[in-house]
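**Student:** Following this message is one structure expressed as structure tokens.
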Amino acid sequence: MLDIYNFIIMEKFIIIFIAVLGVFVMFRRLSSIKKGEPTADELSSLILQKASSLSFYLSLYLWVVLSYFSDSLQLETDQLIGYGIIGMALIFTITWSIIKLLGLTK
Amino acid sequence: MKKNRKTLLIIAFLTLLVVLGFIIITNKTNVFKGLNLLIIVIILIVGVIAFISAFKKDQEEKAGLTTEDELSNLIKYKSGYHAYLASMYMWLFIFLFKDKFPDVETMLGGGILMSSLIAYISKVIVKKRIND
């Protein structure tokens with residue numbers, strides 16, 4: 001019972017985290033527009049492309065893991081796909097943050 | 001043995017293994033019908049594509065060309081970016097039409113195979129756009 005409760009809290013936390021991140025990005029872009037700065041330059045679009053490319057390949061592994069554990073997790077089909085999509089968004093957020101912090105390397 | 005030759009052998013072996021595994025799992029019944037046929041066709045397409053690209057790399061290495069440069073990295077990133085967005089929408093569609101799939105494993109397996117197909121298609125489109 002406690003596990004299910006923790007699971008629901010974790011799920012809500014992840015959704016709120018992604019939503020807050022989206023709002024943060026939106027405010028940053030709005031402030032850039034107000035200052036007359038470009039919202040996206042060559043570097044930021046390259047970071048975005050690299051992060052999403054990497055997260056695409058990582059998310060394939062996430063789906064394989066989800067498929068493998070689909071029986072033991074005993075989740076509903078819509079829950080399973082929902083977690084997968086949230087996982088994809090989370091992977092993208094993490095990879096984008098790492099690339100943004102560490103910078104682009106060959 | 002060169003690295004690319006090893007990759008060629010591994011890809012060929014893995015494709016055969018996956019196809020054989022799929023036939024064994026479906027108990028040799030209804031393999032060439034409906035969704036099963038589509039899955040087997042996608043497995044074969046992915047295998048052939050991987051084999052051809054590994055073969056091309058091997059040929060380029062033989063000719064003394066560099067296999068990875070700045071342009072190829074750019075193509076990889078751009079195609080990955082488009083594939084990520086497209087696969088998000090694809091999973092959304094799978095979510096909407098989840099009742100059409102016989103079981104969860106088929107649904108997730110089909111989704112993964114479709115993702116790899118999307119990645120290949122986006123790579124071809126990005127390559128064509130850059131070349132034009």
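Residues in the structure tokens are numbered from 1 in each chain, the chains being A, B, ... in the order shown, and ligands are numbered from 1 in the order shown.
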Residues of chain B within 7 Å of chain A, counting only C-alpha atoms, what are they? List them as a PyMOL selection string.
**Tutor:** chain B and resi 77-78+80-81+84+95+104-105+108+112
**Student:** If you keep C-alpha atoms, can you produce a file of those selected residues as a PDB file, in the first residue's frame?
**Tutor:**
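New file again_10.pdb:
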ATOM      1  CA  TYR B  77      21.898  15.310 -34.316  1.00  0.00           C
ATOM      2  CA  LYS B  78      19.279  16.821 -36.637  1.00  0.00           C
ATOM      3  CA  GLY B  80      17.756  12.411 -33.917  1.00  0.00           C
ATOM      4  CA  TYR B  81      15.964  15.640 -32.992  1.00  0.00           C
ATOM      5  CA  TYR B  84      12.541  12.261 -31.039  1.00  0.00           C
ATOM      6  CA  PHE B  95      -1.861   5.613 -26.545  1.00  0.00           C
ATOM      7  CA  VAL B 104       1.058  -5.006 -24.325  1.00  0.00           C
ATOM      8  CA  GLU B 105       4.240  -6.708 -25.614  1.00  0.00           C
ATOM      9  CA  LEU B 108       5.519  -1.827 -27.103  1.00  0.00           C
ATOM     10  CA  ILE B 112      10.092   0.423 -30.645  1.00  0.00           C
TER      11      ILE B 112
END
**Student:** Which residue is closest to B:Leu92? Choose from A:Ile86, A:Glu42, A:Leu58, A:Glu37 and count only C-alpha atoms.
**Tutor:**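 The answer is A:Ile86, which sits nearest to B:Leu92.
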**Student:** For atom CA of B:Lys123 and atom CA of B:Ile75, quote the distance in Å rounded to one decimal.
**Tutor:**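 We find that atom CA of B:Lys123 and atom CA of B:Ile75 lie 6.9 Å from each other.
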**Student:** Extract the full set of alpha helix (DSSP H) residues from chain B according to DSSP on the backbone, and format it as a VMD selection string.
**Tutor:** chain B and resid 3 to 25 34 to 62 70 to 96 104 to 131
